[in-house]
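Here's run_21.pdb, which has PDB, C-alpha atoms and all ligand atoms:
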```
ATOM      1  CA  MET A   1    -105.210  77.989-138.319
ATOM      2  CA  ALA A   2    -101.581  78.692-139.014
ATOM      3  CA  LYS A   3    -102.217  82.398-139.189
ATOM      4  CA  CYS A   4    -103.377  82.367-135.611
ATOM      5  CA  SER A   5    -100.434  80.338-134.476
ATOM      6  CA  SER A   6     -99.643  82.302-131.369
ATOM      7  CA  PHE A   7    -102.901  81.314-129.750
ATOM      8  CA  PRO A   8    -103.915  78.055-128.146
ATOM      9  CA  ARG A   9    -105.512  75.775-130.682
ATOM     10  CA  THR A  10    -108.654  75.224-128.649
ATOM     11  CA  LYS A  11    -109.261  78.946-128.381
ATOM     12  CA  LEU A  12    -108.641  79.320-132.049
ATOM     13  CA  ILE A  13    -111.207  76.734-132.920
ATOM     14  CA  VAL A  14    -113.801  78.448-130.774
ATOM     15  CA  LEU A  15    -112.961  81.823-132.242
ATOM     16  CA  ALA A  16    -112.995  80.483-135.741
ATOM     17  CA  LEU A  17    -116.431  79.009-135.185
ATOM     18  CA  LEU A  18    -117.732  82.218-133.719
ATOM     19  CA  VAL A  19    -116.464  84.736-136.155
ATOM     20  CA  GLY A  20    -114.453  83.048-138.845
ATOM     21  CA  CYS A  21    -110.712  83.172-138.762
ATOM     22  CA  GLY A  22    -110.474  86.313-140.810
ATOM     23  CA  THR A  23    -108.564  88.503-138.456
ATOM     24  CA  PHE A  24    -105.544  87.812-136.385
ATOM     25  CA  LEU A  25    -103.570  87.621-134.125
ATOM     26  CA  ALA A  26    -105.875  87.553-131.285
ATOM     27  CA  GLY A  27    -108.979  86.336-132.637
ATOM     28  CA  ALA A  28    -110.956  88.459-134.659
ATOM     29  CA  VAL A  29    -113.600  90.472-133.021
ATOM     30  CA  THR A  30    -113.412  93.772-134.814
ATOM     31  CA  VAL A  31    -113.500  96.696-132.439
ATOM     32  CA  ARG A  32    -114.721  99.827-134.151
ATOM     33  CA  ALA A  33    -114.467 102.153-131.200
ATOM     34  CA  THR A  34    -111.355 104.257-131.034
ATOM     35  CA  THR A  35    -110.883 103.527-127.365
ATOM     36  CA  ALA A  36    -111.558 100.218-125.709
ATOM     37  CA  PRO A  37    -112.206  99.790-121.996
ATOM     38  CA  LYS A  38    -108.950  99.296-120.156
ATOM     39  CA  SER A  39    -110.269  96.107-118.684
ATOM     40  CA  SER A  40    -110.283  94.530-122.140
ATOM     41  CA  GLN A  41    -106.511  94.703-122.366
ATOM     42  CA  SER A  42    -103.972  92.777-120.398
ATOM     43  CA  GLY A  43    -101.645  95.044-118.429
ATOM     44  CA  ASN A  44    -100.506  98.062-120.355
ATOM     45  CA  ALA A  45    -101.126  96.557-123.751
ATOM     46  CA  GLY A  46    -102.987  98.347-126.487
ATOM     47  CA  GLN A  47    -104.151  97.223-129.875
ATOM     48  CA  ILE A  48    -104.490  98.274-133.488
ATOM     49  CA  THR A  49    -107.584  97.268-135.403
ATOM     50  CA  GLY A  50    -108.983  98.209-138.755
ATOM     51  CA  LYS A  51    -110.283  97.169-142.134
ATOM     52  CA  ILE A  52    -108.728  96.965-145.543
ATOM     53  CA  TYR A  53    -111.025  98.440-148.179
ATOM     54  CA  PHE A  54    -110.976  98.429-151.958
ATOM     55  CA  HIS A  55    -112.182 101.393-154.012
ATOM     56  CA  GLY A  56    -112.867 101.441-157.733
ATOM     57  CA  ASP A  57    -113.422  98.852-160.432
ATOM     58  CA  LYS A  58    -112.728  95.319-159.338
ATOM     59  CA  PRO A  59    -110.203  93.394-161.436
ATOM     60  CA  GLN A  60    -111.737  91.096-164.012
ATOM     61  CA  LEU A  61    -110.547  87.635-163.131
ATOM     62  CA  HIS A  62    -110.611  84.852-165.687
ATOM     63  CA  PRO A  63    -111.059  81.178-164.835
ATOM     64  CA  ILE A  64    -107.886  79.191-164.331
ATOM     65  CA  GLN A  65    -107.146  76.709-167.103
ATOM     66  CA  MET A  66    -106.369  73.657-165.006
ATOM     67  CA  GLY A  67    -106.542  71.310-167.978
ATOM     68  CA  LYS A  68    -102.748  71.151-168.107
ATOM     69  CA  ASP A  69    -103.106  68.615-165.313
ATOM     70  CA  SER A  70    -106.259  66.558-165.686
ATOM     71  CA  VAL A  71    -105.943  65.430-162.072
ATOM     72  CA  CYS A  72    -106.214  69.041-160.894
ATOM     73  CA  ALA A  73    -109.156  69.685-163.216
ATOM     74  CA  SER A  74    -110.932  66.608-161.876
ATOM     75  CA  LEU A  75    -110.749  67.967-158.330
ATOM     76  CA  HIS A  76    -113.151  70.802-159.124
ATOM     77  CA  THR A  77    -116.698  70.824-160.440
ATOM     78  CA  GLY A  78    -116.866  74.528-161.279
ATOM     79  CA  PRO A  79    -114.508  77.217-162.530
ATOM     80  CA  MET A  80    -111.650  78.273-160.282
ATOM     81  CA  TYR A  81    -110.414  81.841-160.239
ATOM     82  CA  PRO A  82    -107.026  83.306-159.343
ATOM     83  CA  GLN A  83    -106.602  84.207-155.697
ATOM     84  CA  ASP A  84    -104.621  87.325-156.604
ATOM     85  CA  GLY A  85    -106.903  90.278-157.267
ATOM     86  CA  GLN A  86    -109.874  89.008-155.290
ATOM     87  CA  VAL A  87    -112.176  91.545-153.653
ATOM     88  CA  ASN A  88    -114.719  90.558-151.018
ATOM     89  CA  ALA A  89    -118.422  91.020-151.755
ATOM     90  CA  ASP A  90    -118.580  93.827-149.181
ATOM     91  CA  GLY A  91    -115.798  95.798-150.875
ATOM     92  CA  THR A  92    -113.045  94.816-148.482
ATOM     93  CA  LEU A  93    -109.865  92.956-149.365
ATOM     94  CA  PRO A  94    -108.950  89.423-148.348
ATOM     95  CA  ASP A  95    -105.353  88.233-148.094
ATOM     96  CA  ALA A  96    -103.854  91.548-147.086
ATOM     97  CA  PHE A  97    -100.818  91.078-144.841
ATOM     98  CA  ILE A  98    -100.540  93.569-141.984
ATOM     99  CA  TYR A  99     -97.418  93.688-139.877
ATOM    100  CA  ILE A 100     -95.286  95.918-137.689
ATOM    101  CA  LYS A 101     -92.500  97.313-139.814
ATOM    102  CA  HIS A 102     -90.923  99.455-137.081
ATOM    103  CA  SER A 103     -91.612  99.907-133.401
ATOM    104  CA  SER A 104     -90.243 102.125-130.657
ATOM    105  CA  ALA A 105     -91.150  99.381-128.181
ATOM    106  CA  LYS A 106     -89.193  96.182-127.748
ATOM    107  CA  LEU A 107     -91.354  93.400-129.131
ATOM    108  CA  PRO A 108     -91.151  89.701-128.323
ATOM    109  CA  SER A 109     -89.139  87.751-130.862
ATOM    110  CA  ALA A 110     -89.305  84.148-129.631
ATOM    111  CA  PRO A 111     -91.075  82.041-132.249
ATOM    112  CA  PRO A 112     -94.009  79.802-131.294
ATOM    113  CA  ARG A 113     -93.186  76.115-130.987
ATOM    114  CA  THR A 114     -96.078  75.184-133.233
ATOM    115  CA  PRO A 115     -95.540  75.306-136.992
ATOM    116  CA  VAL A 116     -97.544  77.234-139.506
ATOM    117  CA  THR A 117     -98.849  75.039-142.284
ATOM    118  CA  LEU A 118     -99.238  75.677-145.982
ATOM    119  CA  THR A 119    -101.520  73.100-147.587
ATOM    120  CA  GLN A 120    -101.689  72.080-151.231
ATOM    121  CA  LYS A 121    -105.279  71.111-151.871
ATOM    122  CA  GLY A 122    -107.174  71.065-155.134
ATOM    123  CA  CYS A 123    -104.005  72.306-156.823
ATOM    124  CA  GLU A 124    -104.155  75.539-154.870
ATOM    125  CA  TYR A 125    -102.322  76.803-151.821
ATOM    126  CA  GLU A 126    -104.255  77.248-148.621
ATOM    127  CA  PRO A 127    -103.879  79.824-147.270
ATOM    128  CA  HIS A 128    -103.003  82.133-150.116
ATOM    129  CA  VAL A 129    -101.108  84.451-147.746
ATOM    130  CA  ILE A 130     -99.406  83.143-144.649
ATOM    131  CA  GLY A 131     -97.290  84.653-141.887
ATOM    132  CA  VAL A 132     -94.487  82.974-139.977
ATOM    133  CA  MET A 133     -91.942  84.161-137.462
ATOM    134  CA  VAL A 134     -88.188  83.943-137.917
ATOM    135  CA  GLY A 135     -87.134  80.572-136.520
ATOM    136  CA  GLN A 136     -90.658  79.117-136.502
ATOM    137  CA  ALA A 137     -91.281  75.866-138.331
ATOM    138  CA  PHE A 138     -92.890  76.332-141.716
ATOM    139  CA  GLU A 139     -94.595  73.142-142.863
ATOM    140  CA  VAL A 140     -95.866  72.313-146.344
ATOM    141  CA  ILE A 141     -98.257  69.409-146.786
ATOM    142  CA  THR A 142    -100.077  67.974-149.766
ATOM    143  CA  LEU A 143    -103.546  66.488-149.882
ATOM    144  CA  ASP A 144    -103.545  66.129-153.656
ATOM    145  CA  PRO A 145    -103.270  63.002-155.815
ATOM    146  CA  THR A 146    -100.796  64.731-158.110
ATOM    147  CA  THR A 147     -97.190  65.868-157.777
ATOM    148  CA  HIS A 148     -96.476  69.443-156.772
ATOM    149  CA  ASN A 149     -93.315  71.458-156.703
ATOM    150  CA  ILE A 150     -92.791  73.934-153.906
ATOM    151  CA  HIS A 151     -90.621  76.778-155.115
ATOM    152  CA  VAL A 152     -89.972  79.346-152.398
ATOM    153  CA  LEU A 153     -88.539  82.395-154.160
ATOM    154  CA  ALA A 154     -86.806  83.995-151.210
ATOM    155  CA  LYS A 155     -84.206  86.714-151.693
ATOM    156  CA  THR A 156     -83.078  87.632-148.181
ATOM    157  CA  ASN A 157     -83.522  84.041-147.038
ATOM    158  CA  ARG A 158     -82.322  81.035-148.982
ATOM    159  CA  GLU A 159     -84.378  80.088-152.019
ATOM    160  CA  TRP A 160     -85.524  76.481-152.080
ATOM    161  CA  ASN A 161     -87.341  74.209-154.429
ATOM    162  CA  VAL A 162     -88.571  70.688-153.715
ATOM    163  CA  SER A 163     -91.042  68.306-155.304
ATOM    164  CA  GLN A 164     -93.727  66.633-153.250
ATOM    165  CA  GLN A 165     -95.469  63.523-154.487
ATOM    166  CA  PRO A 166     -98.921  62.327-153.380
ATOM    167  CA  GLY A 167     -98.747  60.933-149.867
ATOM    168  CA  SER A 168     -95.280  62.307-149.226
ATOM    169  CA  PRO A 169     -94.377  63.497-145.738
ATOM    170  CA  SER A 170     -94.564  67.184-145.039
ATOM    171  CA  VAL A 171     -91.651  69.455-145.899
ATOM    172  CA  VAL A 172     -90.528  71.521-142.922
ATOM    173  CA  ARG A 173     -88.164  74.481-143.130
ATOM    174  CA  LYS A 174     -87.351  77.595-141.147
ATOM    175  CA  PHE A 175     -86.520  81.123-142.199
ATOM    176  CA  GLN A 176     -83.552  82.941-140.708
ATOM    177  CA  HIS A 177     -84.398  86.529-141.602
ATOM    178  CA  PRO A 178     -87.473  88.751-141.846
ATOM    179  CA  GLU A 179     -88.731  88.989-145.436
ATOM    180  CA  VAL A 180     -92.055  90.420-146.630
ATOM    181  CA  MET A 181     -93.160  88.860-148.877
ATOM    182  CA  ILE A 182     -91.686  85.652-150.254
ATOM    183  CA  PRO A 183     -93.580  84.368-153.325
ATOM    184  CA  VAL A 184     -94.246  80.640-153.551
ATOM    185  CA  ARG A 185     -94.834  79.001-156.899
ATOM    186  CA  CYS A 186     -95.401  75.492-158.164
ATOM    187  CA  ASN A 187     -93.267  74.789-161.196
ATOM    188  CA  VAL A 188     -95.785  72.156-162.344
ATOM    189  CA  HIS A 189     -98.942  74.284-162.018
ATOM    190  CA  PRO A 190     -98.255  77.917-162.933
ATOM    191  CA  TRP A 191    -101.489  79.221-161.448
ATOM    192  CA  MET A 192    -100.522  78.126-157.940
ATOM    193  CA  LYS A 193     -99.384  81.173-155.975
ATOM    194  CA  SER A 194     -98.837  81.819-152.321
ATOM    195  CA  TYR A 195     -96.949  84.432-150.318
ATOM    196  CA  ILE A 196     -95.063  84.072-147.074
ATOM    197  CA  GLY A 197     -94.549  86.994-144.722
ATOM    198  CA  VAL A 198     -91.568  86.288-142.450
ATOM    199  CA  VAL A 199     -91.546  88.617-139.471
ATOM    200  CA  ASP A 200     -89.517  88.992-136.282
ATOM    201  CA  ASN A 201     -92.428  89.591-133.907
ATOM    202  CA  PRO A 202     -95.818  87.960-133.398
ATOM    203  CA  PHE A 203     -97.893  91.007-134.355
ATOM    204  CA  TYR A 204     -99.139  90.308-137.830
ATOM    205  CA  ALA A 205    -102.467  89.540-139.444
ATOM    206  CA  VAL A 206    -103.974  88.302-142.685
ATOM    207  CA  THR A 207    -107.411  89.567-143.647
ATOM    208  CA  GLY A 208    -110.256  87.228-144.472
ATOM    209  CA  LYS A 209    -113.739  87.623-145.855
ATOM    210  CA  ASP A 210    -114.546  90.797-143.940
ATOM    211  CA  GLY A 211    -111.244  92.581-144.533
ATOM    212  CA  SER A 212    -110.705  93.262-140.862
ATOM    213  CA  PHE A 213    -107.589  92.830-138.787
ATOM    214  CA  SER A 214    -106.576  93.130-135.185
ATOM    215  CA  LEU A 215    -103.135  93.329-133.628
ATOM    216  CA  LYS A 216    -103.615  92.813-129.919
ATOM    217  CA  GLY A 217    -101.294  92.898-126.931
ATOM    218  CA  LEU A 218     -99.051  95.659-128.279
ATOM    219  CA  PRO A 219     -96.780  97.524-125.877
ATOM    220  CA  PRO A 220     -97.439 101.269-125.884
ATOM    221  CA  GLY A 221     -95.239 103.062-128.395
ATOM    222  CA  ASP A 222     -94.805 104.439-131.876
ATOM    223  CA  TYR A 223     -95.390 102.005-134.694
ATOM    224  CA  THR A 224     -95.052 101.853-138.423
ATOM    225  CA  VAL A 225     -97.611  99.438-139.803
ATOM    226  CA  GLU A 226     -97.356  98.175-143.351
ATOM    227  CA  VAL A 227    -100.191  96.602-145.310
ATOM    228  CA  TRP A 228     -99.112  94.423-148.210
ATOM    229  CA  THR A 229    -101.376  93.197-151.005
ATOM    230  CA  ALA A 230    -100.445  91.016-153.960
ATOM    231  CA  SER A 231    -102.279  93.098-156.560
ATOM    232  CA  PHE A 232    -102.819  96.590-155.209
ATOM    233  CA  GLY A 233     -99.485  97.588-153.752
ATOM    234  CA  THR A 234     -98.483  98.372-150.199
ATOM    235  CA  GLN A 235     -99.220 101.171-147.759
ATOM    236  CA  GLU A 236     -97.642 102.094-144.495
ATOM    237  CA  ARG A 237     -98.709 104.409-141.713
ATOM    238  CA  HIS A 238     -97.319 105.752-138.497
ATOM    239  CA  LEU A 239     -99.534 104.961-135.520
ATOM    240  CA  VAL A 240     -99.364 105.534-131.809
ATOM    241  CA  VAL A 241    -100.485 102.835-129.379
ATOM    242  CA  ARG A 242    -101.397 103.915-125.876
ATOM    243  CA  ALA A 243    -101.795 101.730-122.833
ATOM    244  CA  GLY A 244    -105.169 100.047-122.668
ATOM    245  CA  GLU A 245    -106.455 101.750-125.793
ATOM    246  CA  THR A 246    -107.430 100.706-129.277
ATOM    247  CA  THR A 247    -105.986 102.574-132.237
ATOM    248  CA  THR A 248    -108.152 102.240-135.331
ATOM    249  CA  ALA A 249    -106.535 102.308-138.755
ATOM    250  CA  ASP A 250    -108.442 101.621-141.964
ATOM    251  CA  PHE A 251    -106.668 101.412-145.316
ATOM    252  CA  THR A 252    -108.103 101.790-148.820
ATOM    253  CA  PHE A 253    -106.498 100.384-151.952
ATOM    254  CA  GLU A 254    -107.340 100.977-155.606
ATOM    255  CA  ASN A 255    -106.800  99.059-158.805
ATOM    256  CA  ARG A 256    -103.399 100.027-160.212
TER     257      ARG A 256
HETATM  258 CU    CU B 301     -98.643  72.070-158.165
END
```
Reformat the file's structure so that it appears as structure tokens.
Amino acid sequence: MAKCSSFPRTKLIVLALLVGCGTFLAGAVTVRATTAPKSSQSGNAGQITGKIYFHGDKPQLHPIQMGKDSVCASLHTGPMYPQDGQVNADGTLPDAFIYIKHSSAKLPSAPPRTPVTLTQKGCEYEPHVIGVMVGQAFEVITLDPTTHNIHVLAKTNREWNVSQQPGSPSVVRKFQHPEVMIPVRCNVHPWMKSYIGVVDNPFYAVTGKDGSFSLKGLPPGDYTVEVWTASFGTQERHLVVRAGETTTADFTFENR
């Protein structure tokens, strides 16, 4: 639920049950119309919605060799595949990070009081891609019966690297500067990969199993939206948000 951190937890749970937590910030109902009724927006706010598509041959992903740590291998009954390079069954992309790169409007910058949480489970990171605001608590927890190493390879922010043993308390840090994206690696398990998008406003999203996203509650203005993917590059686009309207923006990526 960390990706939806700006929303009340109870609402998030309901939304997640209804539609799956695949689109954020505001919960996930994909609006395909180019203009939404004004009554659906609060005040003058508009929104940007869309889908992230993949075109071409899907990457061939090979099973992860978890045998380096027999504990990790024992946590799975079937083959595990890398999270980078995944394409959804419907041809959309999961784990794309969508955020506002530039805006003519002044956007809120106060971080939520609730942390976002990165979980180590089954010797993988969950979620694979996570967003957090500057100054918001970023929490890393482990549910695994083996030792992990959390190596946050920041460049604009300070790099850090800590080990976490089974049952250890969570590690909580904050980021001081926007940075998209910060890779996270485990020095014990080389297949473990996650990415942190640190942003200075709450309008970001991570796609799920239907590739859709929604940035709601945007002040009217000119925006530059960037879509980041781990395997297929990034794209950015200039978009205009008008009061009470929905701007639709789909993006298509190809295998590089
Ligand atoms: Cu690990």
Q: Decode the PyMOL selection byres (((chain A and resi 191-202) around 9) and not hetatm) for the given file into explicit residues and return them as an MDAnalysis selection string.
A: chainID A and resid 5:6 25 64:66 82:84 97 99:101 107:112 118 123:135 152 175:190 203:204 230
Q) In Å, with one decimal, what is the gap from CA of Ser212 (chain A) to CA of Arg256 (chain A)? A) 21.8 Å
Q.
Could you check the closest approach to ligand CU 301 (chain B) for each of A:Leu218, A:Leu143, A:Ala105, A:Ile52 and tell me which residue wins, using all atoms listed in the file?
A.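 The shortest atom-to-atom distance to ligand CU 301 (chain B) comes from A:Leu143.
Between Phe253 (chain A) and the residues A:Val225, A:Val206, A:Val87, A:Ala137, the shortest atom-to-atom distance, using all atoms listed in the file, involves A:Val87.
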(Q) What does the structure give for the distance between CA of Thr224 (chain A) and CA of Arg158 (chain A), in Å to one decimal? (A)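 Straight-line distance from CA of Thr224 (chain A) to CA of Arg158 (chain A) works out to 26.6 Å.
Coordinates place CA of Gly91 (chain A) at a distance of 17.7 Å from CA of Gln235 (chain A).
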Q) What residues have an atom no more than 7 Å from (-98.2, 65.9, -162.2) in the file's own frame, counting only C-alpha atoms, and can you write them as a ChimeraX atom specification? A) /A:69,146-148,188
Could you write out that same residue set with C-alpha atoms as a PDB file, in the frame of the given file?
```pdb
ATOM      1  CA  ASP A  69    -103.106  68.615-165.313  1.00  0.00           C
ATOM      2  CA  THR A 146    -100.796  64.731-158.110  1.00  0.00           C
ATOM      3  CA  THR A 147     -97.190  65.868-157.777  1.00  0.00           C
ATOM      4  CA  HIS A 148     -96.476  69.443-156.772  1.00  0.00           C
ATOM      5  CA  VAL A 188     -95.785  72.156-162.344  1.00  0.00           C
TER       6      VAL A 188
END
```
Q: Report as a PyMOL selection string the residues that result from applying the PyMOL selection byres (((chain A and resi 138) around 6) and not hetatm) to the structure here.
A: chain A and resi 115-116+137+139+172-174
Q. In terms of the shortest atom-to-atom distance over all atoms listed in the file, which of A:Leu61, A:Ile150, A:Ala45, A:Leu93 is closest to ligand CU 301 (chain B)?
A.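 The answer is A:Ile150, which sits nearest to ligand CU 301 (chain B).
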Give me the residues within 8 Å of Gly122 (chain A) as a compact mmCIF listing (two decimals) with C-alpha atoms, in the frame of the given file, counting all atoms listed in the file and dropping any in the same chain fewer than 6 places off.
```txt
# COMPACT_ATOMS: atom_id res chain seq x y z
CA CYS A 72 -106.21 69.04 -160.89
CA LEU A 75 -110.75 67.97 -158.33
CA HIS A 76 -113.15 70.80 -159.12
CA LEU A 143 -103.55 66.49 -149.88
CA ASP A 144 -103.54 66.13 -153.66
```
**Q.** Residue neighbourhood His62 (chain A), 10 Å, all atoms listed in the file, exclusion window fewer than 6 positions, as an MDAnalysis selection string
**A.** chainID A and resid 79:82
Let me have the centre and edge lengths of the axis-aligned box enclosing all listed atoms of region 222-232 of chain A with 8 Å padding on every side, in Å to one decimal, as lines of an AutoDock Vina configuration file.
```
center_x = -98.8
center_y = 97.7
center_z = -144.2
size_x = 24.0
size_y = 29.4
size_z = 40.7
```
